[in-house]
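Note: the block below is data_2.pdb and it holds PDB, C-alpha atoms.
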ATOM      1  CA  MET T   1      57.022  71.570-116.423
ATOM      2  CA  SER T   2      60.657  72.306-115.480
ATOM      3  CA  ASN T   3      63.302  69.602-115.599
ATOM      4  CA  TYR T   4      63.491  69.735-111.798
ATOM      5  CA  LEU T   5      59.743  69.217-111.397
ATOM      6  CA  LYS T   6      59.788  66.337-113.893
ATOM      7  CA  ALA T   7      62.535  64.601-111.956
ATOM      8  CA  ALA T   8      60.773  65.219-108.649
ATOM      9  CA  ALA T   9      57.474  63.897-110.002
ATOM     10  CA  GLY T  10      59.190  60.747-111.260
ATOM     11  CA  ALA T  11      60.804  60.184-107.873
ATOM     12  CA  MET T  12      57.441  60.576-106.120
ATOM     13  CA  LEU T  13      55.944  57.919-108.391
ATOM     14  CA  GLY T  14      58.785  55.530-107.572
ATOM     15  CA  LEU T  15      60.164  55.553-111.105
ATOM     16  CA  THR T  16      63.794  54.805-111.959
ATOM     17  CA  ILE T  17      65.079  57.771-113.930
ATOM     18  CA  MET T  18      68.211  57.423-116.000
ATOM     19  CA  ALA T  19      69.082  61.109-115.736
ATOM     20  CA  ALA T  20      68.370  63.849-113.250
ATOM     21  CA  SER T  21      66.871  65.760-116.161
ATOM     22  CA  PRO T  22      65.874  64.503-119.598
ATOM     23  CA  ALA T  23      68.738  64.762-122.062
ATOM     24  CA  THR T  24      68.226  65.882-125.599
ATOM     25  CA  ALA T  25      70.325  65.341-128.701
ATOM     26  CA  ALA T  26      71.257  69.027-128.524
ATOM     27  CA  ASP T  27      72.914  68.747-125.081
ATOM     28  CA  CYS T  28      73.951  65.086-124.944
ATOM     29  CA  LYS T  29      76.203  63.506-127.546
ATOM     30  CA  VAL T  30      77.936  60.166-126.961
ATOM     31  CA  GLY T  31      80.867  58.970-129.036
ATOM     32  CA  ILE T  32      81.586  55.224-129.137
ATOM     33  CA  SER T  33      85.056  54.287-130.386
ATOM     34  CA  MET T  34      85.550  50.549-130.902
ATOM     35  CA  LYS T  35      88.915  48.986-131.616
ATOM     36  CA  THR T  36      87.157  46.501-133.913
ATOM     37  CA  LEU T  37      83.743  45.221-134.892
ATOM     38  CA  GLY T  38      85.253  42.106-136.428
ATOM     39  CA  ALA T  39      83.800  39.781-133.772
ATOM     40  CA  PRO T  40      80.228  39.343-132.493
ATOM     41  CA  TYR T  41      81.327  40.233-128.951
ATOM     42  CA  PHE T  42      82.360  43.741-129.959
ATOM     43  CA  ALA T  43      79.335  44.234-132.209
ATOM     44  CA  ALA T  44      77.116  43.407-129.222
ATOM     45  CA  GLN T  45      79.042  45.896-127.103
ATOM     46  CA  LEU T  46      78.533  48.693-129.630
ATOM     47  CA  GLU T  47      74.827  48.017-130.055
ATOM     48  CA  ALA T  48      74.238  47.954-126.292
ATOM     49  CA  ALA T  49      76.141  51.201-125.711
ATOM     50  CA  LYS T  50      74.287  52.916-128.534
ATOM     51  CA  ALA T  51      70.889  51.702-127.324
ATOM     52  CA  ARG T  52      71.573  52.832-123.747
ATOM     53  CA  ALA T  53      72.656  56.295-124.873
ATOM     54  CA  ILE T  54      69.618  56.709-127.119
ATOM     55  CA  GLU T  55      67.377  55.505-124.291
ATOM     56  CA  ALA T  56      68.826  58.331-122.181
ATOM     57  CA  GLY T  57      67.942  60.841-124.913
ATOM     58  CA  CYS T  58      71.424  61.272-126.366
ATOM     59  CA  GLU T  59      72.687  61.522-129.913
ATOM     60  CA  THR T  60      75.361  58.951-130.778
ATOM     61  CA  VAL T  61      78.282  58.733-133.178
ATOM     62  CA  GLU T  62      80.196  55.475-133.632
ATOM     63  CA  ALA T  63      83.478  54.426-135.212
ATOM     64  CA  ASP T  64      85.222  51.126-135.941
ATOM     65  CA  ALA T  65      89.027  51.392-135.856
ATOM     66  CA  ARG T  66      89.389  48.014-137.608
ATOM     67  CA  ASP T  67      92.326  47.070-135.359
ATOM     68  CA  ASP T  68      94.252  50.139-136.534
ATOM     69  CA  MET T  69      95.732  52.318-133.772
ATOM     70  CA  ALA T  70      96.172  55.363-135.994
ATOM     71  CA  LYS T  71      92.550  55.156-137.087
ATOM     72  CA  GLN T  72      91.275  54.889-133.517
ATOM     73  CA  ILE T  73      93.262  57.971-132.531
ATOM     74  CA  SER T  74      91.824  59.809-135.540
ATOM     75  CA  ASP T  75      88.307  58.585-134.680
ATOM     76  CA  ILE T  76      88.629  59.968-131.153
ATOM     77  CA  GLU T  77      89.958  63.293-132.402
ATOM     78  CA  ASP T  78      87.011  63.572-134.812
ATOM     79  CA  MET T  79      84.529  62.839-132.020
ATOM     80  CA  VAL T  80      86.074  65.478-129.766
ATOM     81  CA  ALA T  81      85.978  67.979-132.622
ATOM     82  CA  GLY T  82      82.336  67.018-133.105
ATOM     83  CA  HIS T  83      81.577  68.074-129.510
ATOM     84  CA  VAL T  84      80.724  64.776-127.849
ATOM     85  CA  ASN T  85      80.055  65.068-124.111
ATOM     86  CA  LEU T  86      80.898  61.445-123.377
ATOM     87  CA  LEU T  87      83.399  59.135-125.068
ATOM     88  CA  ILE T  88      83.065  55.368-124.636
ATOM     89  CA  VAL T  89      86.277  53.756-125.885
ATOM     90  CA  ASN T  90      87.325  50.141-126.300
ATOM     91  CA  PRO T  91      91.091  50.696-126.463
ATOM     92  CA  MET T  92      93.260  49.181-129.154
ATOM     93  CA  ASP T  93      96.301  49.523-126.907
ATOM     94  CA  ALA T  94      96.697  50.350-123.220
ATOM     95  CA  GLN T  95      99.491  52.899-123.688
ATOM     96  CA  GLY T  96      98.984  53.947-127.292
ATOM     97  CA  LEU T  97      95.681  55.720-126.643
ATOM     98  CA  VAL T  98      96.793  57.657-123.567
ATOM     99  CA  PRO T  99      97.590  60.934-125.404
ATOM    100  CA  ALA T 100      94.267  60.879-127.284
ATOM    101  CA  VAL T 101      92.302  60.137-124.114
ATOM    102  CA  ASN T 102      94.119  62.834-122.168
ATOM    103  CA  ALA T 103      93.454  65.346-124.940
ATOM    104  CA  ALA T 104      89.751  64.423-124.947
ATOM    105  CA  THR T 105      89.521  64.889-121.181
ATOM    106  CA  ALA T 106      91.357  68.214-121.419
ATOM    107  CA  ALA T 107      88.731  69.313-123.934
ATOM    108  CA  GLY T 108      85.986  68.647-121.364
ATOM    109  CA  VAL T 109      84.886  65.219-122.611
ATOM    110  CA  LYS T 110      84.159  62.513-120.034
ATOM    111  CA  VAL T 111      85.948  59.303-121.062
ATOM    112  CA  VAL T 112      84.978  55.783-119.979
ATOM    113  CA  ALA T 113      86.985  52.779-121.188
ATOM    114  CA  ILE T 114      85.347  49.400-121.732
ATOM    115  CA  ASP T 115      86.589  45.850-121.885
ATOM    116  CA  ASN T 116      90.227  46.192-122.959
ATOM    117  CA  THR T 117      92.668  47.761-120.552
ATOM    118  CA  LEU T 118      93.616  51.437-120.682
ATOM    119  CA  ASP T 119      96.703  52.580-118.781
ATOM    120  CA  PRO T 120      95.394  53.787-115.398
ATOM    121  CA  THR T 121      97.749  56.773-115.499
ATOM    122  CA  ALA T 122      95.601  58.249-118.273
ATOM    123  CA  ASN T 123      92.995  60.850-117.356
ATOM    124  CA  PHE T 124      89.620  59.121-117.634
ATOM    125  CA  VAL T 125      86.586  58.495-115.445
ATOM    126  CA  THR T 126      86.670  54.709-115.060
ATOM    127  CA  GLN T 127      87.211  51.476-116.920
ATOM    128  CA  VAL T 128      84.380  48.930-117.001
ATOM    129  CA  GLN T 129      85.295  45.268-117.359
ATOM    130  CA  ALA T 130      84.319  41.819-116.273
ATOM    131  CA  SER T 131      86.863  40.447-113.815
ATOM    132  CA  SER T 132      88.833  37.758-115.620
ATOM    133  CA  PHE T 133      90.146  36.408-112.347
ATOM    134  CA  ASP T 134      86.839  36.334-110.473
ATOM    135  CA  ASN T 135      84.973  34.672-113.335
ATOM    136  CA  GLY T 136      87.721  32.139-113.990
ATOM    137  CA  PHE T 137      88.067  31.300-110.306
ATOM    138  CA  LEU T 138      84.327  30.664-109.978
ATOM    139  CA  VAL T 139      84.411  28.434-113.069
ATOM    140  CA  GLY T 140      87.326  26.467-111.620
ATOM    141  CA  GLN T 141      85.564  26.016-108.304
ATOM    142  CA  TRP T 142      82.436  24.780-110.088
ATOM    143  CA  VAL T 143      84.522  22.240-112.023
ATOM    144  CA  ALA T 144      86.153  20.978-108.813
ATOM    145  CA  GLU T 145      82.840  20.663-107.006
ATOM    146  CA  ASN T 146      80.877  19.018-109.818
ATOM    147  CA  ILE T 147      83.277  16.788-111.759
ATOM    148  CA  SER T 148      84.546  13.747-109.900
ATOM    149  CA  GLY T 149      87.778  11.853-110.342
ATOM    150  CA  PRO T 150      91.176  12.929-111.656
ATOM    151  CA  LEU T 151      90.951  15.634-114.308
ATOM    152  CA  LYS T 152      92.974  15.323-117.511
ATOM    153  CA  ILE T 153      92.768  18.856-118.873
ATOM    154  CA  ALA T 154      93.412  20.248-122.334
ATOM    155  CA  LEU T 155      93.660  24.046-122.502
ATOM    156  CA  LEU T 156      92.396  26.096-125.437
ATOM    157  CA  SER T 157      94.231  29.406-125.222
ATOM    158  CA  GLY T 158      94.047  32.600-127.267
ATOM    159  CA  ARG T 159      97.520  33.813-128.217
ATOM    160  CA  PRO T 160     100.833  33.300-126.388
ATOM    161  CA  ALA T 161     101.417  36.953-125.487
ATOM    162  CA  ASP T 162      97.853  37.874-124.456
ATOM    163  CA  LEU T 163      97.633  38.891-120.802
ATOM    164  CA  PRO T 164      93.828  38.428-120.492
ATOM    165  CA  GLY T 165      94.169  34.825-121.639
ATOM    166  CA  ARG T 166      96.902  34.112-119.121
ATOM    167  CA  GLU T 167      94.841  35.643-116.333
ATOM    168  CA  ARG T 168      91.791  33.606-117.295
ATOM    169  CA  ARG T 169      93.501  30.211-117.419
ATOM    170  CA  LEU T 170      95.467  30.808-114.222
ATOM    171  CA  ALA T 171      92.257  31.859-112.477
ATOM    172  CA  VAL T 172      90.496  28.638-113.510
ATOM    173  CA  ILE T 173      93.456  26.575-112.335
ATOM    174  CA  ALA T 174      93.442  28.445-109.017
ATOM    175  CA  GLY T 175      89.712  27.801-108.663
ATOM    176  CA  ILE T 176      90.127  24.085-109.347
ATOM    177  CA  THR T 177      92.971  23.898-106.833
ATOM    178  CA  GLU T 178      91.007  25.674-104.122
ATOM    179  CA  GLY T 179      87.815  23.726-104.866
ATOM    180  CA  GLN T 180      89.522  20.326-104.755
ATOM    181  CA  LEU T 181      91.419  21.180-101.583
ATOM    182  CA  ARG T 182      88.200  22.281 -99.942
ATOM    183  CA  LYS T 183      86.397  19.163-101.141
ATOM    184  CA  SER T 184      88.971  16.469-100.375
ATOM    185  CA  GLY T 185      92.106  18.040 -98.978
ATOM    186  CA  ALA T 186      94.147  17.198-102.067
ATOM    187  CA  THR T 187      94.367  18.088-105.753
ATOM    188  CA  SER T 188      93.847  15.639-108.577
ATOM    189  CA  PHE T 189      94.304  17.207-111.985
ATOM    190  CA  GLU T 190      96.822  17.252-114.793
ATOM    191  CA  ILE T 191      97.150  19.658-117.695
ATOM    192  CA  VAL T 192      98.217  17.394-120.518
ATOM    193  CA  GLY T 193      98.256  19.884-123.380
ATOM    194  CA  GLN T 194      97.702  23.469-124.492
ATOM    195  CA  GLY T 195      96.536  24.584-127.920
ATOM    196  CA  TRP T 196      96.451  28.106-129.340
ATOM    197  CA  GLY T 197      93.111  28.946-130.952
ATOM    198  CA  ASN T 198      93.586  32.664-131.675
ATOM    199  CA  TRP T 199      90.308  33.393-129.840
ATOM    200  CA  SER T 200      88.216  32.107-132.767
ATOM    201  CA  THR T 201      85.895  29.183-133.431
ATOM    202  CA  ASP T 202      87.970  27.930-136.364
ATOM    203  CA  GLY T 203      91.145  28.300-134.331
ATOM    204  CA  GLY T 204      89.606  26.294-131.512
ATOM    205  CA  LEU T 205      88.640  23.554-133.970
ATOM    206  CA  ASP T 206      92.175  23.285-135.371
ATOM    207  CA  ALA T 207      93.835  23.364-131.955
ATOM    208  CA  MET T 208      91.437  20.763-130.581
ATOM    209  CA  GLU T 209      92.123  18.373-133.459
ATOM    210  CA  ASP T 210      95.832  18.490-132.628
ATOM    211  CA  LEU T 211      95.199  18.054-128.916
ATOM    212  CA  LEU T 212      92.967  15.024-129.467
ATOM    213  CA  THR T 213      95.609  13.406-131.665
ATOM    214  CA  ALA T 214      98.227  13.801-128.936
ATOM    215  CA  HIS T 215      95.948  13.205-125.935
ATOM    216  CA  PRO T 216      92.857  11.142-126.790
ATOM    217  CA  ASP T 217      92.263  10.362-123.088
ATOM    218  CA  ILE T 218      91.488  13.913-121.929
ATOM    219  CA  ASN T 219      88.243  14.264-120.015
ATOM    220  CA  ILE T 220      87.848  18.055-119.835
ATOM    221  CA  VAL T 221      88.564  21.010-122.097
ATOM    222  CA  ILE T 222      88.993  24.433-120.540
ATOM    223  CA  GLY T 223      89.036  27.369-122.922
ATOM    224  CA  GLU T 224      89.835  31.022-122.405
ATOM    225  CA  ASN T 225      86.649  31.979-124.252
ATOM    226  CA  ASP T 226      83.505  30.291-125.511
ATOM    227  CA  SER T 227      84.291  30.737-129.201
ATOM    228  CA  MET T 228      87.335  28.464-129.066
ATOM    229  CA  VAL T 229      85.510  25.856-126.983
ATOM    230  CA  LEU T 230      82.610  25.874-129.447
ATOM    231  CA  GLY T 231      85.100  25.169-132.220
ATOM    232  CA  GLY T 232      86.750  22.501-130.107
ATOM    233  CA  LYS T 233      83.369  20.861-129.579
ATOM    234  CA  ARG T 234      83.098  20.247-133.312
ATOM    235  CA  ALA T 235      86.378  18.327-133.277
ATOM    236  CA  ILE T 236      85.325  16.394-130.172
ATOM    237  CA  ASP T 237      81.966  15.445-131.702
ATOM    238  CA  GLU T 238      83.609  14.352-134.958
ATOM    239  CA  ALA T 239      86.035  12.184-132.957
ATOM    240  CA  GLY T 240      83.132  10.498-131.154
ATOM    241  CA  LEU T 241      84.305  11.730-127.755
ATOM    242  CA  THR T 242      81.302  13.871-126.832
ATOM    243  CA  LYS T 243      80.366  11.817-123.764
ATOM    244  CA  GLN T 244      83.947  11.511-122.558
ATOM    245  CA  ILE T 245      84.900  15.194-122.517
ATOM    246  CA  THR T 246      83.389  17.991-120.411
ATOM    247  CA  LEU T 247      83.422  21.506-121.880
ATOM    248  CA  ALA T 248      84.193  24.605-119.806
ATOM    249  CA  ALA T 249      85.248  28.179-120.527
ATOM    250  CA  ALA T 250      86.656  30.939-118.337
ATOM    251  CA  ALA T 251      84.512  33.487-120.224
ATOM    252  CA  ASP T 252      82.220  34.863-122.078
ATOM    253  CA  GLY T 253      78.666  33.610-121.689
ATOM    254  CA  GLN T 254      78.137  33.532-125.468
ATOM    255  CA  LYS T 255      74.556  32.741-126.430
ATOM    256  CA  GLU T 256      75.521  29.575-128.340
ATOM    257  CA  ALA T 257      77.331  28.286-125.256
ATOM    258  CA  LEU T 258      74.327  29.056-123.059
ATOM    259  CA  ASP T 259      72.074  27.192-125.512
ATOM    260  CA  LEU T 260      74.312  24.149-125.086
ATOM    261  CA  ILE T 261      74.334  24.523-121.301
ATOM    262  CA  LYS T 262      70.535  24.478-121.384
ATOM    263  CA  SER T 263      70.542  21.281-123.460
ATOM    264  CA  GLY T 264      73.316  19.561-121.499
ATOM    265  CA  GLY T 265      76.087  19.780-124.096
ATOM    266  CA  TYR T 266      78.322  22.259-122.254
ATOM    267  CA  ALA T 267      79.130  22.426-118.556
ATOM    268  CA  VAL T 268      80.037  25.953-117.455
ATOM    269  CA  THR T 269      81.260  29.356-118.610
ATOM    270  CA  GLY T 270      82.180  32.676-116.986
ATOM    271  CA  ARG T 271      80.017  35.783-117.234
ATOM    272  CA  ASN T 272      81.653  38.358-119.488
ATOM    273  CA  ASP T 273      78.520  40.061-120.804
ATOM    274  CA  PRO T 274      79.410  42.684-123.446
ATOM    275  CA  ALA T 275      76.003  44.345-123.254
ATOM    276  CA  LEU T 276      76.168  44.662-119.461
ATOM    277  CA  ILE T 277      79.641  46.194-119.682
ATOM    278  CA  ALA T 278      78.502  48.700-122.305
ATOM    279  CA  ARG T 279      75.324  49.706-120.476
ATOM    280  CA  THR T 280      77.203  50.142-117.221
ATOM    281  CA  ALA T 281      79.791  52.341-118.952
ATOM    282  CA  VAL T 282      77.159  54.624-120.460
ATOM    283  CA  ASP T 283      75.308  54.936-117.145
ATOM    284  CA  ILE T 284      78.496  55.899-115.286
ATOM    285  CA  GLY T 285      79.621  58.208-118.082
ATOM    286  CA  LEU T 286      76.340  60.127-118.142
ATOM    287  CA  LYS T 287      76.515  60.546-114.374
ATOM    288  CA  ALA T 288      79.986  62.013-114.840
ATOM    289  CA  VAL T 289      78.669  64.389-117.526
ATOM    290  CA  ARG T 290      75.979  65.581-115.106
ATOM    291  CA  GLY T 291      78.472  65.921-112.237
ATOM    292  CA  GLU T 292      76.740  63.219-110.175
ATOM    293  CA  LEU T 293      79.646  60.853-109.469
ATOM    294  CA  GLU T 294      80.878  60.811-105.897
ATOM    295  CA  PRO T 295      84.406  62.146-105.260
ATOM    296  CA  GLY T 296      87.127  59.538-105.637
ATOM    297  CA  PHE T 297      85.065  57.267-107.906
ATOM    298  CA  SER T 298      87.169  54.195-108.716
ATOM    299  CA  LYS T 299      89.016  54.114-112.027
ATOM    300  CA  LEU T 300      88.201  50.387-112.279
ATOM    301  CA  THR T 301      84.620  49.087-112.292
ATOM    302  CA  HIS T 302      83.948  45.356-112.459
ATOM    303  CA  THR T 303      80.609  43.850-113.434
ATOM    304  CA  ASP T 304      79.317  41.085-111.170
ATOM    305  CA  PRO T 305      81.092  37.753-111.831
ATOM    306  CA  ALA T 306      79.354  34.396-112.182
ATOM    307  CA  ALA T 307      79.930  30.827-113.253
ATOM    308  CA  ILE T 308      76.997  30.061-115.564
ATOM    309  CA  HIS T 309      75.829  26.450-115.504
ATOM    310  CA  ALA T 310      72.643  24.417-115.848
ATOM    311  CA  GLY T 311      71.456  25.437-112.406
ATOM    312  CA  ASN T 312      71.403  29.181-113.157
ATOM    313  CA  VAL T 313      71.578  29.571-116.933
ATOM    314  CA  ASP T 314      67.997  30.856-117.227
ATOM    315  CA  GLN T 315      69.005  33.822-115.086
ATOM    316  CA  TYR T 316      71.514  34.951-117.714
ATOM    317  CA  TYR T 317      70.097  33.652-120.992
ATOM    318  CA  ASP T 318      68.636  36.257-123.370
ATOM    319  CA  PRO T 319      67.270  34.810-126.626
ATOM    320  CA  LYS T 320      67.422  38.271-128.205
ATOM    321  CA  ALA T 321      71.074  38.842-127.357
ATOM    322  CA  VAL T 322      73.413  39.713-130.225
ATOM    323  CA  PHE T 323      76.211  37.681-128.592
TER     324      PHE T 323
END

Show how you would write the structure in this file as C-alpha cells.
Amino acid sequence: MSNYLKAAAGAMLGLTIMAASPATAADCKVGISMKTLGAPYFAAQLEAAKARAIEAGCETVEADARDDMAKQISDIEDMVAGHVNLLIVNPMDAQGLVPAVNAATAAGVKVVAIDNTLDPTANFVTQVQASSFDNGFLVGQWVAENISGPLKIALLSGRPADLPGRERRLAVIAGITEGQLRKSGATSFEIVGQGWGNWSTDGGLDAMEDLLTAHPDINIVIGENDSMVLGGKRAIDEAGLTKQITLAAAADGQKEALDLIKSGGYAVTGRNDPALIARTAVDIGLKAVRGELEPGFSKLTHTDPAAIHAGNVDQYYDPKAVF
C-alpha cells in the first residue's frame, strides 16, 4: 500500500497519525542537542524528545554539551554533518548559538529551540517554552484567593542575574496583587526576605535556613522552581514550622512537589512540564520537515499554563514521569 493510501486509510478510521506518511530511520533523523543533562529536568526533556521521535519512526542522535558553549556548537556541527533532518536544541546561550543555528538552517535542517531562549533574530522554526509569566501569575492568583490574612513572604530565587527567575517571581507578585485587589480591593502582603538557592535542592535548603534565622515569622515561601522549595521544606520541617508556612513555586510541576500536593504538604506550583515541551517541539519540527506548517508560523510557542494544586493535581500527575 502506498504512503498516501496508508494515510488516507488511517484518516477514514478516525486515527490520529503523527506523520502524513510513515517515517523511516533512512529518511528521518532527529538530532537533540542539550546544554546539560546535569539536572533531572533536562534529562526528562531529552528522554521525551527521543521517545517522540522514535514513535514517529525517526532515528535519533543526542548530545550533552555539559554547560560548555564550544561543545554545544561542535555537537550541532556534528549533527548537521551527520545529515539530521530536524535539530532540537536547548540553547546554552541566546546569542552564542546563533551562528551554529543559522548554519544548520542554511544546510536544510529544521531547527526548533526548547526551554531556554534563543535570539529570535536567528533562523529557526520556533521556540517551545512554558510561559514563565502566565504560570507565575496563575500561581500568584491562586495564593491570593486561597490564603487568608496578611502574607509574610520569603522568596527563594535562583541566581541574581537570571532573567527567567526574575520573570517568575515578578509574575507571582503580580498575580498576588491582582488576586487580592479582586478579592478585597486592597493588597496585604510583605516580602520580608530573598534567598539565592542556585536552582538546586541543596541551595534551597541553605537559603531557607538563613531566611528562617532572620525571619522566623514568615507564613509563605515562594520559590522560582520546585527544587529550591523542596530543599527549603527540609529546613522548615527541621525548624518545626511546617504548619506555619505555606509552600508555593512559580514552576515546574516536579513529581516530588506533586506528590506533596496530593498529600497536603505543598500548596501550589506552576506547570513547566519538560516532557510536554519536548514532545511539542518534535511534533512541530517534524511538520516543518514535511512542509506542513502554515505560512507565518510563530517563532514562539507556549505550552498551556496552569497553577497545579490539590483540586487539579491528578490531571497533571504522572507516576512514571522522569521529573

Residues within 8 Å of T:Ala130, only C-alpha atoms, excluding chain neighbours under 6 positions, as an mmCIF file with C-alpha atoms, in the coordinates of the input:
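Wrote part_15.cif, looks like this:
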data_model
loop_
_atom_site.group_PDB
_atom_site.id
_atom_site.type_symbol
_atom_site.label_atom_id
_atom_site.label_comp_id
_atom_site.auth_asym_id
_atom_site.auth_seq_id
_atom_site.Cartn_x
_atom_site.Cartn_y
_atom_site.Cartn_z
ATOM 1 C CA ASP T 115 86.589 45.850 -121.885
ATOM 2 C CA ARG T 271 80.017 35.783 -117.234
ATOM 3 C CA ASN T 272 81.653 38.358 -119.488
ATOM 4 C CA ASP T 273 78.520 40.061 -120.804
ATOM 5 C CA ILE T 277 79.641 46.194 -119.682
ATOM 6 C CA HIS T 302 83.948 45.356 -112.459
ATOM 7 C CA THR T 303 80.609 43.850 -113.434
ATOM 8 C CA ASP T 304 79.317 41.085 -111.170
ATOM 9 C CA PRO T 305 81.092 37.753 -111.831
#

Sel. within 12 Å of pt (84.3, 12.5, -129.9), counting all atoms listed in the file, output as a short mmCIF file (atom, residue, chain, number, x, y, z; two decimals) with C-alpha atoms, keeping the file's coordinate frame:
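In the end it all went to point-v1.cif:
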data_model
loop_
_atom_site.label_atom_id
_atom_site.label_comp_id
_atom_site.auth_asym_id
_atom_site.auth_seq_id
_atom_site.Cartn_x
_atom_site.Cartn_y
_atom_site.Cartn_z
CA MET T 208 91.44 20.76 -130.58
CA GLU T 209 92.12 18.37 -133.46
CA LEU T 212 92.97 15.02 -129.47
CA THR T 213 95.61 13.41 -131.66
CA PRO T 216 92.86 11.14 -126.79
CA ASP T 217 92.26 10.36 -123.09
CA ILE T 218 91.49 13.91 -121.93
CA ASN T 219 88.24 14.26 -120.02
CA GLY T 232 86.75 22.50 -130.11
CA LYS T 233 83.37 20.86 -129.58
CA ARG T 234 83.10 20.25 -133.31
CA ALA T 235 86.38 18.33 -133.28
CA ILE T 236 85.32 16.39 -130.17
CA ASP T 237 81.97 15.44 -131.70
CA GLU T 238 83.61 14.35 -134.96
CA ALA T 239 86.04 12.18 -132.96
CA GLY T 240 83.13 10.50 -131.15
CA LEU T 241 84.30 11.73 -127.76
CA THR T 242 81.30 13.87 -126.83
CA LYS T 243 80.37 11.82 -123.76
CA GLN T 244 83.95 11.51 -122.56
CA ILE T 245 84.90 15.19 -122.52
CA THR T 246 83.39 17.99 -120.41
#

Suppose a student applies the PyMOL selection byres ((chain T and resi 120-126) around 10) to this structure; what residues should they get, written as JSON, numbers by chain? {"T": [87, 94, 95, 97, 98, 99, 100, 101, 102, 103, 104, 105, 106, 109, 110, 111, 112, 113, 114, 117, 118, 119, 127, 128, 129, 281, 284, 285, 288, 293, 296, 297, 298, 299, 300, 301]}

Selection result of the PyMOL selection byres ((chain T and resi 41-52) around 8) on this file, as a ChimeraX atom specification | /T:32,34,36-40,53-56,60,274-279,281-283,321-323

So which residues get picked by the PyMOL selection byres ((chain T and resi 75-78) around 8) here, written as a list in words?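 Going through the file, the PyMOL selection byres ((chain T and resi 75-78) around 8) ends up selecting Ser33, Ala63, Ala65, Lys71, Gln72, Ile73, Ser74, Met79, Val80, Ala81, Gly82, Ala100, Val101 and Ala104 of chain T.
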
Next, dump the selected residues to file, keeping only C-alpha atoms, as an mmCIF file, in the coordinates of the input.
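And here is the file that came out, again.cif:
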data_model
loop_
_atom_site.group_PDB
_atom_site.id
_atom_site.type_symbol
_atom_site.label_atom_id
_atom_site.label_comp_id
_atom_site.auth_asym_id
_atom_site.auth_seq_id
_atom_site.Cartn_x
_atom_site.Cartn_y
_atom_site.Cartn_z
ATOM 1 C CA SER T 33 85.056 54.287 -130.386
ATOM 2 C CA ALA T 63 83.478 54.426 -135.212
ATOM 3 C CA ALA T 65 89.027 51.392 -135.856
ATOM 4 C CA LYS T 71 92.550 55.156 -137.087
ATOM 5 C CA GLN T 72 91.275 54.889 -133.517
ATOM 6 C CA ILE T 73 93.262 57.971 -132.531
ATOM 7 C CA SER T 74 91.824 59.809 -135.540
ATOM 8 C CA MET T 79 84.529 62.839 -132.020
ATOM 9 C CA VAL T 80 86.074 65.478 -129.766
ATOM 10 C CA ALA T 81 85.978 67.979 -132.622
ATOM 11 C CA GLY T 82 82.336 67.018 -133.105
ATOM 12 C CA ALA T 100 94.267 60.879 -127.284
ATOM 13 C CA VAL T 101 92.302 60.137 -124.114
ATOM 14 C CA ALA T 104 89.751 64.423 -124.947
#

task: Between T:Gly179, T:Phe137, T:Glu167, T:Ile222, single out the one closest to T:Ala154, counting all atoms listed in the file.
output: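 Looking at the shortest contact to T:Ala154, the residue is T:Ile222.
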
Shortest contact to T:Asn90, candidates T:Arg66, T:Lys35, T:Arg159, T:Lys262, atoms counted only C-alpha atoms, goes to T:Lys35

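As for atom CA of T:Gly96 and atom CA of T:Asp162, they are spaced 16.4 Å apart.
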
Computed gap from atom CA of T:Pro164 to atom CA of T:His309 is 22.2 Å

task = Kindly give the distance, in Å, that separates atom CA of T:Leu211 and atom CA of T:Ala267, rounded to a single decimal.
result =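 Value for the atom CA of T:Leu211-atom CA of T:Ala267 distance: 19.6 Å.
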
For T:Arg166, the closest of T:Glu224, T:Glu190, T:Asp27, T:Asp134 counting all atoms listed in the file is T:Glu224

| message | I want to know what sits within 9 Å of T:Ala171, based on only C-alpha atoms, with residues of the same chain fewer than 3 positions away left out; could you give that as a VMD selection string? | response | chain T and resid 132 to 140 166 to 168 174 to 176 250
